[in-house]
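Below is one structure, written out as structure tokens, with a few remarks after it.
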Amino acid sequence: MQGKAYDVAIIGGGLVGTAVARDAAGRGLSTYLCEAGDLGSGASSATGKLVHGALEAMEGFRIGTMREAVQEREILMRAAPHLVRPITFHIPHHERQWSRAAFRMGLFLFDHAARHSLPRAERIDLETTGAYGALQPHFTTVFAYADCIADDSRLAVLHAVDARARGATIETRQRCTVAERDGGRWQLSLESTLTGERSVVLARILVNATGPAAASVLDHVVHVRQQVNVRMTKSAYIVVRRPMSDIAYALPNADGRIVYAVPYEAGTMLLGPAVTPFAADPATAAVDREDAAYLLDVANQYFHAPVHSADVVWGFASVAALPAEAARGRAAVIDAPPNVAPLISAFGGSLTTHRRLAEQVVDRMGRFRKIAPAWTGNADAVLPGGGFPRGGESDIVRALRAGYPFLPLALAERLVSAYGTRASAVLTGARNAADLGVGFGADLTPAEVDYLRHEEWAVSAEDVLWRRSKLGLVFDETEAAGLEASMAVRSVPRTVVEASPVVVPA
């Protein structure tokens with residue numbers, strides 16, 4: 001059985017895999033990506049949602065780590081300002097931590113690395129300003145700094161959308177069962193996880209971007225002699241009921257770790273991570289009782305109103321697997337014996353640094369064929385829905401409502417926060433609210449679900465409610481079941497694949 005031949009085939013549709021597909025396609029390489037589940041459905045949707053300047057590096061004054069993280073933060077903010085948003089963090093200070101002088105020096109270095117792209121760090125005297133807010137009253141000082149939060153799973157989807165626009169073939173629910181070298185080519189045997197249909201794809205270069213499963217894929221799918229010994233750690237997060245302002249918190253614990261408390265969706269707060277060694281199947285990683293207790297304990301050391309286990313509404317965990325010699329939390333490992341097709345395995349890569357790891361993977365391909373220069377860090381390398389000035393979301397919302405005056409403000413704001421300038425594509429052809437269809441729950445309409453099915457590879461209610469959005473936090477079981485049933489039977493052809501982006505008045 002003969003299949004189509006590509007320059008590059010990628011196994012894994014998480015943040016790194018989709019970013020590799022986008023980068024490679026943008027350099028003119030014919031590119032194929034397969035993902036056994038949904039895009040961004042593994043560790044890529046279970047991050048702490050932080051795109052940050054490596055606050056943890058402040059203690060050791062690791063300027064290089066800070067600078068790289070800040071540079072990647074700037075690139076992602078520019079590429080997807082609707083998904084990567086600045087937020088102010090407060091670090092409560094007490095004398096059991098660093099001295100105030102150490103805090104000031106560390107944040108000065110943090111600002112220096114950022115080159116003032118966001119507001120500069122400052123010390124706030126809570127007694128003088130009366131700005132105690134959520135903290136216990138014995139905290140009299142906080143150090144404020146600016147960083148970013150992001151929608152991780154939507155970033156993975158948008159990498160794939162952009163890769164497809166540049167000619168890449170993206171197939172979800174397509175499991176690679178075996179990948180074998182045939183001289184100078186790889187032969188990938190594929191099986192649809194929906195229909196069982198089998199197919200073959202050929203490629204000159206294979207990229208293993210399966211995240212924490214990368215070492216297992218080497219052993220059980222690719223069957224190469226290369227042995228990569230990895231260490232695994234689990235990061236667990238919980239979402240709790242806690243209406244918050246637009247302030248996030250970085251909460252240092254006595255064990256030297258930092259727990260972040262971040263405003264999340266639907267009046268909730270995200271707490272994490274609880275980091276522990278891990279030795280089981282990464283697919284089994286979950287938040288256990290000890291993880292939740294640890295996070296609640298740290299939060300209750302700082303917040304005035306206690307957070308209880310009954311307040312937990314959701315939890316998720318991810319596993320990071322890194323070779324022992326990995327630098328800066330990532331590695332691109334090459335297996336290329338003479339006269340056979342090369343394999344590149346990607347390990348690590350956080351939400352902040354995944355683009356850089358993908359760029360390094362594609363750069364490594366230059367050893368085996370001529371490729372164009374790196375481009376995803378360029379000023380004009382925006383992701384779909386981006387390409388507008390920082391802070392310009394309100395202008396897009398106004399323009400969207402001017403074109404679709406029947407849209408409630410809250411729905412317009414949610415659409416812009418998810419789709420940016422492409423929000424109008426969700427509404428193509430609608431002249432009134434009835435044209436969007438009868439809603440499934442919250443403000444989710446059939447028009448939006450059809451868009452996600454036809455343009456963003458959504459197959460199930462879970463894809464829509466937990467990765468293309470976080471509406472799963474407000475949907476009840478009956479509403480989710482209704483959406484699942486509708487997606488199982490609806491097959492509405494979409495006649496307009498690309499709609500004109502929202503035009504923001506000058």
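Scheme for the structure tokens: letters A, B, ... for chains in order shown; per-chain residue numbers from 1; ligand numbers from 1 in order shown.
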If you count only C-alpha atoms, which residues fall within 8 Å of Ala163 in chain A, apart from same-chain ones fewer than 3 positions away, as a PDB file with all heavy atoms, in the first residue's frame?
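For reference, result30.pdb as written:
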ATOM      1  N   THR A  18       2.125  21.033  16.639  1.00  0.00           N
ATOM      2  CA  THR A  18       1.459  21.970  15.734  1.00  0.00           C
ATOM      3  C   THR A  18       2.358  23.153  15.405  1.00  0.00           C
ATOM      4  O   THR A  18       2.322  23.678  14.287  1.00  0.00           O
ATOM      5  CB  THR A  18       0.133  22.468  16.339  1.00  0.00           C
ATOM      6  OG1 THR A  18       0.374  23.039  17.633  1.00  0.00           O
ATOM      7  CG2 THR A  18      -0.871  21.338  16.464  1.00  0.00           C
ATOM      8  N   ALA A  21       4.679  21.969  12.740  1.00  0.00           N
ATOM      9  CA  ALA A  21       3.979  21.928  11.457  1.00  0.00           C
ATOM     10  C   ALA A  21       3.870  23.321  10.852  1.00  0.00           C
ATOM     11  O   ALA A  21       4.099  23.522   9.653  1.00  0.00           O
ATOM     12  CB  ALA A  21       2.592  21.306  11.631  1.00  0.00           C
ATOM     13  N   ARG A  22       3.516  24.296  11.666  1.00  0.00           N
ATOM     14  CA  ARG A  22       3.396  25.679  11.183  1.00  0.00           C
ATOM     15  C   ARG A  22       4.735  26.198  10.679  1.00  0.00           C
ATOM     16  O   ARG A  22       4.829  26.769   9.584  1.00  0.00           O
ATOM     17  CB  ARG A  22       2.877  26.560  12.318  1.00  0.00           C
ATOM     18  CG  ARG A  22       2.822  28.035  11.993  1.00  0.00           C
ATOM     19  CD  ARG A  22       2.456  28.848  13.220  1.00  0.00           C
ATOM     20  NE  ARG A  22       2.394  30.267  12.918  1.00  0.00           N
ATOM     21  CZ  ARG A  22       2.973  31.222  13.631  1.00  0.00           C
ATOM     22  NH1 ARG A  22       3.679  30.908  14.706  1.00  0.00           N
ATOM     23  NH2 ARG A  22       2.846  32.493  13.289  1.00  0.00           N
ATOM     24  N   ASP A  23       5.795  25.994  11.481  1.00  0.00           N
ATOM     25  CA  ASP A  23       7.122  26.484  11.120  1.00  0.00           C
ATOM     26  C   ASP A  23       7.618  25.814   9.846  1.00  0.00           C
ATOM     27  O   ASP A  23       8.078  26.482   8.908  1.00  0.00           O
ATOM     28  CB  ASP A  23       8.080  26.222  12.278  1.00  0.00           C
ATOM     29  CG  ASP A  23       9.404  26.961  12.144  1.00  0.00           C
ATOM     30  OD1 ASP A  23       9.825  27.245  11.010  1.00  0.00           O
ATOM     31  OD2 ASP A  23      10.026  27.246  13.181  1.00  0.00           O
ATOM     32  N   ALA A  25       5.912  24.228   7.442  1.00  0.00           N
ATOM     33  CA  ALA A  25       5.124  24.609   6.262  1.00  0.00           C
ATOM     34  C   ALA A  25       5.472  26.016   5.816  1.00  0.00           C
ATOM     35  O   ALA A  25       5.538  26.295   4.607  1.00  0.00           O
ATOM     36  CB  ALA A  25       3.635  24.496   6.580  1.00  0.00           C
ATOM     37  N   GLY A  26       5.717  26.898   6.776  1.00  0.00           N
ATOM     38  CA  GLY A  26       6.087  28.262   6.434  1.00  0.00           C
ATOM     39  C   GLY A  26       7.460  28.376   5.818  1.00  0.00           C
ATOM     40  O   GLY A  26       7.782  29.401   5.205  1.00  0.00           O
ATOM     41  N   HIS A 159      -2.032  27.212  15.808  1.00  0.00           N
ATOM     42  CA  HIS A 159      -0.836  26.777  15.081  1.00  0.00           C
ATOM     43  C   HIS A 159      -1.237  25.864  13.922  1.00  0.00           C
ATOM     44  O   HIS A 159      -0.723  25.987  12.801  1.00  0.00           O
ATOM     45  CB  HIS A 159       0.113  26.006  16.005  1.00  0.00           C
ATOM     46  CG  HIS A 159       0.860  26.849  16.987  1.00  0.00           C
ATOM     47  ND1 HIS A 159       1.418  28.060  16.679  1.00  0.00           N
ATOM     48  CD2 HIS A 159       1.151  26.622  18.306  1.00  0.00           C
ATOM     49  CE1 HIS A 159       2.019  28.557  17.744  1.00  0.00           C
ATOM     50  NE2 HIS A 159       1.872  27.702  18.741  1.00  0.00           N
ATOM     51  N   ALA A 160      -2.162  24.943  14.188  1.00  0.00           N
ATOM     52  CA  ALA A 160      -2.595  24.001  13.155  1.00  0.00           C
ATOM     53  C   ALA A 160      -3.359  24.705  12.050  1.00  0.00           C
ATOM     54  O   ALA A 160      -3.191  24.392  10.857  1.00  0.00           O
ATOM     55  CB  ALA A 160      -3.451  22.892  13.779  1.00  0.00           C
ATOM     56  N   ARG A 166      -0.850  27.299   5.226  1.00  0.00           N
ATOM     57  CA  ARG A 166       0.435  27.326   4.533  1.00  0.00           C
ATOM     58  C   ARG A 166       0.723  26.024   3.790  1.00  0.00           C
ATOM     59  O   ARG A 166       1.838  25.792   3.337  1.00  0.00           O
ATOM     60  CB  ARG A 166       1.554  27.632   5.532  1.00  0.00           C
ATOM     61  CG  ARG A 166       1.409  29.000   6.178  1.00  0.00           C
ATOM     62  CD  ARG A 166       2.429  29.266   7.276  1.00  0.00           C
ATOM     63  NE  ARG A 166       2.139  30.507   7.970  1.00  0.00           N
ATOM     64  CZ  ARG A 166       2.499  31.720   7.552  1.00  0.00           C
ATOM     65  NH1 ARG A 166       3.210  31.832   6.438  1.00  0.00           N
ATOM     66  NH2 ARG A 166       2.178  32.807   8.228  1.00  0.00           N
ATOM     67  N   GLY A 167      -0.292  25.162   3.690  1.00  0.00           N
ATOM     68  CA  GLY A 167      -0.176  23.967   2.869  1.00  0.00           C
ATOM     69  C   GLY A 167      -0.027  22.665   3.606  1.00  0.00           C
ATOM     70  O   GLY A 167       0.019  21.601   2.978  1.00  0.00           O
ATOM     71  N   ALA A 168       0.061  22.693   4.933  1.00  0.00           N
ATOM     72  CA  ALA A 168       0.236  21.454   5.693  1.00  0.00           C
ATOM     73  C   ALA A 168      -1.062  20.645   5.703  1.00  0.00           C
ATOM     74  O   ALA A 168      -2.164  21.197   5.637  1.00  0.00           O
ATOM     75  CB  ALA A 168       0.673  21.754   7.121  1.00  0.00           C
ATOM     76  N   THR A 169      -0.920  19.328   5.800  1.00  0.00           N
ATOM     77  CA  THR A 169      -2.053  18.427   5.993  1.00  0.00           C
ATOM     78  C   THR A 169      -2.122  18.068   7.464  1.00  0.00           C
ATOM     79  O   THR A 169      -1.161  17.549   8.029  1.00  0.00           O
ATOM     80  CB  THR A 169      -1.885  17.144   5.161  1.00  0.00           C
ATOM     81  OG1 THR A 169      -1.836  17.496   3.771  1.00  0.00           O
ATOM     82  CG2 THR A 169      -3.038  16.181   5.404  1.00  0.00           C
TER      83      THR A 169
END
Fewer than 3 positions away in the same chain doesn't count, so skip those; otherwise give me all residues within 9 Å of range 338-351 of chain A, counting only C-alpha atoms, as a ChimeraX atom specification.
/A:15-17,44,47-52,150,152,181-186,203-212,214-215,218,320-323,326,328-335,354-358,361,364-365,368
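Nearest residue to Ala430 in chain A among A:Thr445, A:Ser45, A:Gln226, A:Ser417 is A:Thr445, counting only C-alpha atoms.
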Tell me, in Å to one decimal, how far CA of Ala447 in chain A is from CA of Gly385 in chain A.
17.9 Å
Helix (DSSP H, G or I) call set, DSSP backbone run, range 388-452 of chain A, as a ChimeraX atom specification
/A:393-403,409-426,433-436,446-452
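Between Ala80 in chain A and the residues A:Tyr145, A:Tyr302, A:Tyr6, A:Phe388, the shortest atom-to-atom distance, using only C-alpha atoms, involves A:Phe388.
In this comparison, which uses only C-alpha atoms, the residue of A:Pro86, A:Pro306, A:Gly437, A:Pro373 approaching Ala146 in chain A most closely is A:Pro86.
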List every residue of range 248-444 of chain A that DSSP, applied to the backbone, labels as strand (DSSP E or B), and write the result as a ChimeraX atom specification.
/A:248-252,258-263,268-277,303,312-323,327,330-335,343-348,441,444
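With only C-alpha atoms as the atoms that count, the minimum distance from Val262 in chain A to the choices A:Thr65, A:Thr353, A:Ser460, A:Thr88 is reached by A:Thr88.
Across the model, the gap from CA of Arg225 in chain A to CA of Ala280 in chain A is 22.5 Å.
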Within 12 Å of Ser309 in chain A using only C-alpha atoms, minus same-chain residues under 3 positions, as a count of residues only:
20
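Counting only C-alpha atoms, the residue from A:Asn432, A:Ser153, A:Thr233, A:Asn378 that sits nearest to Arg467 in chain A is A:Ser153.
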